[in-house]
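Quick look at final38.cif (mmCIF, C-alpha atoms and all ligand atoms):
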data_final
loop_
_atom_site.label_atom_id
_atom_site.label_comp_id
_atom_site.auth_asym_id
_atom_site.auth_seq_id
_atom_site.Cartn_x
_atom_site.Cartn_y
_atom_site.Cartn_z
CA MET G 1 11.47 -37.26 -15.09
CA LYS G 2 8.99 -35.85 -17.55
CA SER G 3 6.06 -36.33 -15.17
CA TRP G 4 8.02 -34.69 -12.31
CA SER G 5 8.63 -31.56 -14.34
CA ALA G 6 4.98 -31.52 -15.39
CA LEU G 7 4.00 -31.74 -11.74
CA PHE G 8 6.38 -28.91 -10.90
CA VAL G 9 4.79 -26.66 -13.55
CA LEU G 10 1.33 -27.56 -12.28
CA VAL G 11 2.19 -26.76 -8.65
CA TRP G 12 4.03 -23.56 -9.59
CA CYS G 13 1.07 -22.36 -11.65
CA ALA G 14 -1.26 -23.08 -8.76
CA VAL G 15 0.94 -21.09 -6.36
CA SER G 16 1.46 -18.16 -8.71
CA ASN G 17 -2.29 -17.90 -9.27
CA VAL G 18 -3.10 -17.77 -5.57
CA ALA G 19 -2.80 -14.00 -5.28
CA ASN G 20 -5.25 -13.34 -8.12
CA ALA G 21 -7.65 -16.12 -7.26
CA ALA G 22 -7.83 -14.84 -3.70
CA LEU G 23 -9.13 -11.40 -4.60
CA PRO G 24 -12.74 -10.90 -3.51
CA PRO G 25 -15.24 -10.68 -6.37
CA VAL G 26 -16.16 -7.37 -8.01
CA LYS G 27 -19.83 -6.60 -7.37
CA VAL G 28 -21.16 -5.29 -10.67
CA GLU G 29 -24.19 -3.03 -10.26
CA LYS G 30 -25.86 -1.83 -13.45
CA ILE G 31 -27.22 1.71 -13.01
CA ASN G 32 -28.40 2.21 -16.60
CA ASP G 33 -27.47 0.94 -20.07
CA HIS G 34 -24.09 2.69 -20.03
CA VAL G 35 -23.08 3.19 -16.38
CA TYR G 36 -21.99 0.31 -14.14
CA ALA G 37 -20.73 0.60 -10.56
CA LEU G 38 -17.99 -1.95 -9.78
CA LEU G 39 -18.18 -2.20 -6.01
CA GLY G 40 -15.28 -3.56 -3.98
CA PRO G 41 -15.27 -4.81 -0.38
CA LEU G 42 -15.20 -2.38 2.56
CA GLY G 43 -12.20 -1.96 4.83
CA ILE G 44 -8.50 -1.25 4.84
CA PRO G 45 -6.10 -3.45 2.78
CA THR G 46 -5.52 -6.85 4.38
CA LYS G 47 -4.10 -10.23 3.36
CA GLU G 48 -7.72 -11.42 3.14
CA ASN G 49 -8.89 -8.80 0.62
CA GLY G 50 -5.52 -8.70 -1.20
CA GLY G 51 -5.68 -4.88 -1.12
CA TYR G 52 -8.94 -4.82 -3.07
CA MET G 53 -11.24 -2.43 -1.20
CA ASN G 54 -12.20 0.37 -3.63
CA ASN G 55 -15.11 1.19 -5.92
CA SER G 56 -14.63 1.70 -9.64
CA ILE G 57 -17.11 2.81 -12.27
CA ALA G 58 -17.33 1.71 -15.89
CA ILE G 59 -18.93 4.24 -18.26
CA LEU G 60 -19.53 2.91 -21.75
CA GLY G 61 -18.60 5.41 -24.47
CA ASP G 62 -19.15 5.17 -28.22
CA THR G 63 -15.95 3.23 -28.90
CA GLY G 64 -14.49 2.31 -25.51
CA VAL G 65 -14.88 2.28 -21.74
CA ILE G 66 -14.16 5.19 -19.42
CA LEU G 67 -13.04 3.60 -16.14
CA VAL G 68 -13.05 5.60 -12.91
CA ASP G 69 -10.43 4.43 -10.36
CA THR G 70 -8.33 1.34 -10.84
CA GLY G 71 -7.45 -0.30 -7.48
CA PHE G 72 -4.33 -0.66 -5.35
CA SER G 73 -2.08 -2.76 -7.63
CA LYS G 74 -1.57 -4.05 -11.15
CA GLU G 75 -3.26 -7.33 -10.22
CA ILE G 76 -6.29 -5.50 -8.81
CA GLY G 77 -6.45 -3.36 -11.95
CA GLU G 78 -6.48 -6.57 -14.00
CA HIS G 79 -9.16 -8.02 -11.71
CA ILE G 80 -11.33 -4.92 -12.31
CA GLY G 81 -10.53 -5.12 -16.04
CA LYS G 82 -11.90 -8.69 -16.11
CA ALA G 83 -15.14 -7.46 -14.52
CA VAL G 84 -15.39 -4.75 -17.21
CA ALA G 85 -14.94 -7.44 -19.87
CA THR G 86 -18.04 -9.25 -18.57
CA ILE G 87 -20.06 -6.07 -19.30
CA THR G 88 -18.71 -5.10 -22.73
CA PRO G 89 -16.14 -6.17 -25.33
CA LYS G 90 -15.08 -2.50 -25.69
CA PRO G 91 -11.53 -1.73 -24.47
CA VAL G 92 -10.77 0.63 -21.59
CA LYS G 93 -9.71 3.78 -23.46
CA TYR G 94 -9.89 6.36 -20.66
CA ILE G 95 -9.15 6.27 -16.94
CA ILE G 96 -10.28 8.92 -14.50
CA ASN G 97 -8.55 9.05 -11.09
CA THR G 98 -10.69 10.71 -8.41
CA HIS G 99 -7.64 11.35 -6.16
CA HIS G 100 -4.05 10.21 -5.63
CA HIS G 101 -4.50 7.54 -2.93
CA GLY G 102 -3.00 4.19 -3.92
CA ASP G 103 -6.28 2.27 -3.88
CA HIS G 104 -7.64 4.59 -6.60
CA THR G 105 -4.60 5.00 -8.89
CA LEU G 106 -2.07 2.16 -8.71
CA GLY G 107 -4.09 -0.16 -10.97
CA ASN G 108 -3.65 2.35 -13.86
CA ILE G 109 -0.69 0.25 -15.08
CA ALA G 110 -3.05 -2.64 -15.90
CA PHE G 111 -4.51 -0.57 -18.77
CA PRO G 112 -1.63 0.27 -21.12
CA GLY G 113 -2.63 2.77 -23.78
CA ALA G 114 -5.54 4.20 -21.82
CA LYS G 115 -5.55 7.99 -21.49
CA ILE G 116 -5.53 9.06 -17.85
CA LEU G 117 -7.35 12.12 -16.52
CA SER G 118 -7.17 13.65 -13.04
CA ALA G 119 -7.06 16.91 -11.14
CA GLU G 120 -3.77 18.78 -11.69
CA LYS G 121 -2.97 18.52 -7.97
CA CYS G 122 -3.72 14.78 -8.00
CA LYS G 123 -1.03 14.26 -10.62
CA GLU G 124 1.52 16.09 -8.44
CA LEU G 125 0.52 14.01 -5.41
CA VAL G 126 0.78 10.71 -7.34
CA GLU G 127 4.28 11.74 -8.43
CA LYS G 128 5.23 12.53 -4.85
CA HIS G 129 3.57 9.73 -2.88
CA ALA G 130 2.82 6.71 -5.11
CA TYR G 131 5.79 4.71 -3.86
CA ASP G 132 4.79 5.40 -0.23
CA TRP G 133 1.40 3.85 -1.06
CA ILE G 134 3.07 0.81 -2.65
CA ARG G 135 5.19 0.40 0.50
CA THR G 136 2.08 0.64 2.68
CA LEU G 137 0.41 -2.13 0.65
CA GLU G 138 3.55 -4.29 0.79
CA GLN G 139 3.81 -3.89 4.56
CA ARG G 140 0.17 -4.73 5.17
CA LEU G 141 0.13 -7.74 2.83
CA GLU G 142 3.70 -8.89 3.62
CA ARG G 143 4.59 -9.43 -0.02
CA THR G 144 6.06 -7.31 -2.80
CA PHE G 145 4.34 -5.78 -5.81
CA PRO G 146 7.24 -5.35 -8.28
CA ASP G 147 4.92 -4.85 -11.29
CA THR G 148 2.91 -2.10 -9.64
CA LYS G 149 4.21 1.33 -10.64
CA PRO G 150 2.52 4.72 -10.86
CA VAL G 151 1.19 5.89 -14.23
CA LEU G 152 0.47 9.61 -14.33
CA ALA G 153 -2.40 11.49 -15.93
CA SER G 154 -1.76 13.08 -19.34
CA GLU G 155 -4.73 15.44 -19.10
CA THR G 156 -5.43 17.38 -15.92
CA PHE G 157 -8.11 19.73 -14.63
CA SER G 158 -7.78 22.80 -12.46
CA ASP G 159 -10.21 24.11 -9.82
CA GLY G 160 -13.86 24.48 -10.64
CA LYS G 161 -16.16 22.70 -13.07
CA THR G 162 -15.13 21.82 -16.63
CA GLU G 163 -17.61 20.42 -19.10
CA LYS G 164 -16.24 17.97 -21.62
CA THR G 165 -17.58 15.21 -23.83
CA ILE G 166 -15.46 12.08 -23.79
CA ASP G 167 -16.09 9.30 -26.28
CA GLY G 168 -19.64 10.61 -26.74
CA VAL G 169 -20.40 10.91 -22.99
CA LYS G 170 -21.10 14.38 -21.60
CA MET G 171 -19.27 14.89 -18.32
CA ILE G 172 -18.58 17.66 -15.85
CA PHE G 173 -15.20 17.41 -14.13
CA TRP G 174 -15.57 19.03 -10.72
CA VAL G 175 -12.38 19.91 -8.83
CA PRO G 176 -13.56 21.28 -5.46
CA ALA G 177 -11.68 23.04 -2.69
CA GLY G 178 -9.43 20.77 -0.58
CA SER G 179 -11.51 18.01 1.01
CA HIS G 180 -10.58 14.30 1.30
CA THR G 181 -7.20 15.28 -0.21
CA GLY G 182 -5.75 18.39 -1.81
CA GLY G 183 -6.39 16.94 -5.27
CA ASP G 184 -9.87 15.45 -5.48
CA MET G 185 -11.97 15.43 -8.63
CA MET G 186 -15.62 14.44 -8.88
CA VAL G 187 -17.35 13.46 -12.10
CA MET G 188 -20.92 14.45 -12.89
CA LEU G 189 -22.89 12.68 -15.59
CA PRO G 190 -25.59 15.34 -16.01
CA GLN G 191 -27.71 13.30 -18.43
CA ASP G 192 -27.87 10.41 -15.96
CA GLY G 193 -28.25 12.37 -12.69
CA ILE G 194 -25.14 10.58 -11.40
CA LEU G 195 -22.30 12.06 -9.35
CA ILE G 196 -19.10 10.06 -8.83
CA THR G 197 -17.43 11.46 -5.72
CA GLY G 198 -14.30 9.43 -5.01
CA ASP G 199 -13.67 9.40 -1.26
CA ILE G 200 -15.28 12.81 -0.68
CA VAL G 201 -18.30 10.58 0.05
CA VAL G 202 -17.87 7.14 1.58
CA ASP G 203 -20.74 4.98 2.75
CA GLN G 204 -20.81 2.65 5.80
CA MET G 205 -17.13 3.25 6.37
CA VAL G 206 -15.10 5.80 8.33
CA PRO G 207 -13.45 8.10 5.76
CA SER G 208 -9.69 8.57 6.03
CA PHE G 209 -8.57 12.06 7.10
CA ILE G 210 -4.89 11.31 6.46
CA ASP G 211 -4.58 14.04 3.77
CA ALA G 212 -7.80 15.87 4.55
CA HIS G 213 -8.82 19.51 4.92
CA VAL G 214 -11.68 18.76 7.29
CA LYS G 215 -13.39 22.15 7.53
CA SER G 216 -13.27 22.69 3.78
CA TRP G 217 -14.48 19.09 3.22
CA VAL G 218 -17.63 19.84 5.23
CA GLY G 219 -18.29 22.77 2.87
CA VAL G 220 -17.77 20.59 -0.21
CA LEU G 221 -20.23 18.01 1.17
CA GLY G 222 -22.76 20.86 1.40
CA GLU G 223 -22.18 21.59 -2.30
CA VAL G 224 -22.58 17.90 -3.18
CA GLU G 225 -25.84 17.88 -1.23
CA GLN G 226 -27.11 20.76 -3.41
CA SER G 227 -25.76 19.25 -6.67
CA GLY G 228 -29.11 17.84 -7.74
CA ALA G 229 -27.57 14.39 -8.29
CA LYS G 230 -30.08 11.53 -8.03
CA ILE G 231 -27.45 8.83 -7.50
CA ILE G 232 -24.15 9.25 -5.67
CA ILE G 233 -21.43 6.67 -6.35
CA PRO G 234 -19.06 6.88 -3.37
CA GLY G 235 -15.38 5.91 -3.27
CA HIS G 236 -16.16 3.11 -0.84
CA GLY G 237 -19.50 1.50 0.07
CA ALA G 238 -22.89 1.17 -1.60
CA LEU G 239 -24.62 3.54 -4.01
CA THR G 240 -26.21 6.36 -2.08
CA ASP G 241 -27.94 9.75 -2.39
CA THR G 242 -27.72 13.40 -1.36
CA LYS G 243 -29.76 12.71 1.80
CA TYR G 244 -26.95 10.46 3.03
CA VAL G 245 -24.40 13.13 2.04
CA GLY G 246 -26.27 15.51 4.37
CA GLN G 247 -25.89 13.02 7.23
CA MET G 248 -22.19 12.63 6.50
CA ARG G 249 -21.80 16.43 6.44
CA GLN G 250 -23.52 16.77 9.83
CA ARG G 251 -21.42 13.97 11.33
CA MET G 252 -18.20 15.60 10.13
CA GLN G 253 -19.30 19.07 11.20
CA ALA G 254 -20.12 17.74 14.71
CA LEU G 255 -16.69 16.11 14.92
CA TYR G 256 -14.96 19.29 13.82
CA ASP G 257 -16.98 21.39 16.30
CA GLY G 258 -16.26 18.91 19.12
CA VAL G 259 -12.51 19.01 18.47
CA ASN G 260 -12.63 22.81 18.15
CA ASN G 261 -14.40 23.08 21.53
CA GLY G 262 -11.80 20.82 23.13
CA PHE G 263 -8.97 22.89 21.74
CA LYS G 264 -10.57 26.16 22.87
CA LYS G 265 -10.91 24.73 26.42
CA GLY G 266 -7.18 24.03 26.37
CA LEU G 267 -7.54 20.23 26.24
CA THR G 268 -4.92 18.04 24.52
CA ASP G 269 -6.01 15.86 21.59
CA SER G 270 -6.40 12.74 23.73
CA GLU G 271 -8.35 14.68 26.39
CA THR G 272 -10.53 16.11 23.62
CA ARG G 273 -11.20 12.61 22.30
CA LYS G 274 -12.87 11.64 25.61
CA THR G 275 -15.32 14.55 25.25
CA LEU G 276 -16.51 13.57 21.74
CA ASP G 277 -19.77 11.80 21.00
CA LEU G 278 -18.57 9.07 18.61
CA HIS G 279 -21.56 6.69 18.69
CA GLU G 280 -22.43 7.34 15.01
CA TRP G 281 -18.84 6.63 13.96
CA GLU G 282 -18.48 3.52 16.13
CA LYS G 283 -21.01 1.67 13.98
CA MET G 284 -18.92 2.12 10.82
CA VAL G 285 -16.34 -0.17 9.19
CA SER G 286 -12.66 0.63 10.02
CA TYR G 287 -13.56 2.71 13.09
CA GLU G 288 -10.72 1.12 15.11
CA ASP G 289 -8.21 1.54 12.28
CA LEU G 290 -8.93 5.12 11.30
CA MET G 291 -10.78 7.11 13.94
CA GLY G 292 -7.88 7.87 16.29
CA GLY G 293 -5.81 9.25 13.40
CA ASN G 294 -8.81 11.21 12.12
CA ILE G 295 -9.27 12.97 15.46
CA ASN G 296 -5.54 13.76 15.60
CA ARG G 297 -5.64 15.20 12.13
CA THR G 298 -8.69 17.35 12.93
CA TYR G 299 -7.00 18.59 16.11
CA LEU G 300 -3.87 19.59 14.14
CA GLU G 301 -6.01 21.45 11.62
CA VAL G 302 -7.84 23.34 14.40
CA GLU G 303 -4.50 24.10 16.08
CA GLN G 304 -3.11 25.48 12.80
CA GLU G 305 -6.16 27.68 12.25
CA ASN G 306 -5.78 29.16 15.71
CA PHE G 307 -2.05 29.68 15.43
ZN ZN G 401 -8.77 8.05 -0.47
#
Produce structure tokens that represent the structure in this file.
Ligand SMILES: [Zn+2]
Amino acid sequence: MKSWSALFVLVWCAVSNVANAALPPVKVEKINDHVYALLGPLGIPTKENGGYMNNSIAILGDTGVILVDTGFSKEIGEHIGKAVATITPKPVKYIINTHHHGDHTLGNIAFPGAKILSAEKCKELVEKHAYDWIRTLEQRLERTFPDTKPVLASETFSDGKTEKTIDGVKMIFWVPAGSHTGGDMMVMLPQDGILITGDIVVDQMVPSFIDAHVKSWVGVLGEVEQSGAKIIIPGHGALTDTKYVGQMRQRMQALYDGVNNGFKKGLTDSETRKTLDLHEWEKMVSYEDLMGGNINRTYLEVEQENF
């Protein structure tokens, strides 16, 4: 009887660990002695990636770690926390959320006691939409995430650039005009020449327009291009630079112009789609999943502007 119960515990432990063990590894990329990019896989959340598909950044302060973006669930937050622990014994004392999307905020709960910072608008959007993001994850992965709950920022930033030193690290919090969402915030580390963009810049992957202000986003990309940053850490994909940001800006501008032309000719959104040159986009990850919705969203924006 004793051995049966031991076996039961063993099997149960093995099953309950599956979800965590299955998460793809965090790719830790050291940028300098106090900034580490924690790069996640590319793509939308799937059973295979367990919902882990975002980048995070660990910035080492005097007494603790400032962690930018925390993943789609408590378990992903813990997974990222373990990667941080391989870099430093310092605890995560601050979290910065670049925007409200679930893959950037829902892991906050894995860091109890950490102070959370975001754009003011991001906080409102987390309050409004966090449970929709949890439902999206649950539907895609066909399992529940009962321990994953939103944790809101306690310090927020309004539009423009705010300079602030956190745990000995000089930072500029940059809340631009509406772009990837209505509540994005970028983080500049002026002493390191680093700009952390959240999903305003994504590399190798089609960005999601689901909450976007496309025309304004193109303008913000122009500002990022002129920011003087030497290294851009995007919300998804590999480390990149302002030259790439210029390419992304041109690609998005061309898409916007193409949709605008279609609308002005009186074409519907699906007729417009056939007129667009999408060969640059076709090469990118998640093209099939996101591009149709992105064109729709752009069309709606153009329609609204011409109303
Ligand atoms: Zn996003």
- request: For atom CA of Leu23 of chain G and atom CA of Gly50 of chain G, quote the distance in Å rounded to one decimal.
  value: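 Between atom CA of Leu23 of chain G and atom CA of Gly50 of chain G the gap works out to 5.6 Å.
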query: If you count only C-alpha atoms, which residues fall within 12 Å of Ile31 of chain G, apart from same-chain ones fewer than 6 positions away, as a count of residues only?
result: 15
query: Which protein, DNA or RNA residues have an atom within 8 Å of ligand ZN 401 (chain G), counting all atoms listed in the file, as a list of chain:residue names?
result: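 Final answer, ordered by chain and number: G:His99, G:His100, G:His101, G:Gly102, G:Asp103, G:His104, G:His180, G:Thr181, G:Gly198, G:Asp199, G:Pro207, G:Ser208, G:Gly235.
Considering only C-alpha atoms, the residue among G:Lys243, G:Lys121, G:Arg135, G:His129 positioned nearest to Gly183 of chain G is G:Lys121.
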- prompt: Which neighbours of Glu280 of chain G fall inside 12 Å, counting all atoms listed in the file, when residues of the same chain fewer than 6 positions from it are skipped, and could you give them as a PyMOL selection string?
  reply: chain G and resi 204-206+247-248+250-252+254-255+287+291
field: Which residue of G:Ala229, G:Val245, G:Met188, G:Ala153 approaches Ala114 of chain G most closely, using all atoms listed in the file
entry: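 Of the candidates, the smallest distance to Ala114 of chain G is held by G:Ala153.
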- prompt: So which residues are close to (-19.5, 14.7, -4.5), meaning at most 9 Å away in the file's coordinates with only C-alpha atoms counted, and can you show them as a list in words?
  reply: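 Selection result: Trp174, Pro176, Met185, Met186, Val187, Met188, Leu195, Ile196, Thr197, Gly198, Asp199, Ile200, Val201, Val220, Leu221, Glu223, Val224, Glu225, Ser227, Ala229, Ile232, Ile233, Pro234, Thr242 and Val245 of chain G.
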- line: Pairwise distance, atom CA of Arg297 of chain G with atom CA of Gly160 of chain G, equals 25.9 Å
Emit segment 56-79 of chain G of the structure in the block as a file comprising N, CA and C atoms, as a short mmCIF file (atom, residue, chain, number, x, y, z; two decimals), in the first residue's frame.
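Once everything was written out, this is decode19.cif:
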data_model
loop_
_atom_site.label_atom_id
_atom_site.label_comp_id
_atom_site.auth_asym_id
_atom_site.auth_seq_id
_atom_site.Cartn_x
_atom_site.Cartn_y
_atom_site.Cartn_z
N SER G 56 11.81 39.74 -22.39
CA SER G 56 11.91 40.50 -21.14
C SER G 56 13.32 41.06 -21.07
N ILE G 57 13.53 41.98 -20.16
CA ILE G 57 14.86 42.55 -19.98
C ILE G 57 15.13 42.64 -18.48
N ALA G 58 16.30 42.20 -18.07
CA ALA G 58 16.71 42.34 -16.67
C ALA G 58 17.77 43.43 -16.58
N ILE G 59 17.48 44.46 -15.79
CA ILE G 59 18.44 45.55 -15.56
C ILE G 59 18.86 45.46 -14.10
N LEU G 60 20.16 45.31 -13.87
CA LEU G 60 20.62 45.14 -12.50
C LEU G 60 20.83 46.51 -11.85
N GLY G 61 20.09 46.76 -10.78
CA GLY G 61 20.24 47.99 -10.01
C GLY G 61 21.20 47.77 -8.85
N ASP G 62 21.30 48.79 -7.97
CA ASP G 62 22.22 48.69 -6.84
C ASP G 62 21.82 47.56 -5.88
N THR G 63 20.52 47.42 -5.64
CA THR G 63 20.09 46.45 -4.62
C THR G 63 19.17 45.36 -5.17
N GLY G 64 18.64 45.56 -6.38
CA GLY G 64 17.71 44.58 -6.93
C GLY G 64 17.69 44.61 -8.44
N VAL G 65 16.75 43.86 -9.01
CA VAL G 65 16.62 43.78 -10.47
C VAL G 65 15.38 44.56 -10.90
N ILE G 66 15.53 45.29 -12.01
CA ILE G 66 14.39 45.95 -12.64
C ILE G 66 14.06 45.07 -13.86
N LEU G 67 12.88 44.45 -13.83
CA LEU G 67 12.52 43.51 -14.89
C LEU G 67 11.48 44.15 -15.81
N VAL G 68 11.77 44.15 -17.10
CA VAL G 68 10.82 44.72 -18.07
C VAL G 68 10.04 43.57 -18.72
N ASP G 69 8.75 43.56 -18.54
CA ASP G 69 7.78 42.60 -19.10
C ASP G 69 7.95 41.19 -18.52
N THR G 70 6.80 40.57 -18.25
CA THR G 70 6.83 39.39 -17.37
C THR G 70 6.18 38.13 -17.92
N GLY G 71 5.73 38.15 -19.21
CA GLY G 71 5.16 36.93 -19.78
C GLY G 71 3.66 36.81 -19.58
N PHE G 72 3.09 35.76 -20.17
CA PHE G 72 1.64 35.61 -20.35
C PHE G 72 0.92 34.98 -19.15
N SER G 73 1.67 34.44 -18.17
CA SER G 73 1.01 33.73 -17.07
C SER G 73 1.93 33.73 -15.86
N LYS G 74 1.37 33.29 -14.72
CA LYS G 74 2.20 33.19 -13.52
C LYS G 74 3.37 32.23 -13.77
N GLU G 75 3.07 31.09 -14.42
CA GLU G 75 4.15 30.10 -14.61
C GLU G 75 5.24 30.63 -15.54
N ILE G 76 4.85 31.46 -16.52
CA ILE G 76 5.87 32.04 -17.41
C ILE G 76 6.67 33.10 -16.65
N GLY G 77 5.98 33.87 -15.80
CA GLY G 77 6.70 34.82 -14.94
C GLY G 77 7.74 34.10 -14.08
N GLU G 78 7.35 32.96 -13.52
CA GLU G 78 8.28 32.19 -12.68
C GLU G 78 9.45 31.66 -13.51
N HIS G 79 9.12 31.23 -14.73
CA HIS G 79 10.14 30.72 -15.67
C HIS G 79 11.17 31.83 -15.97
#
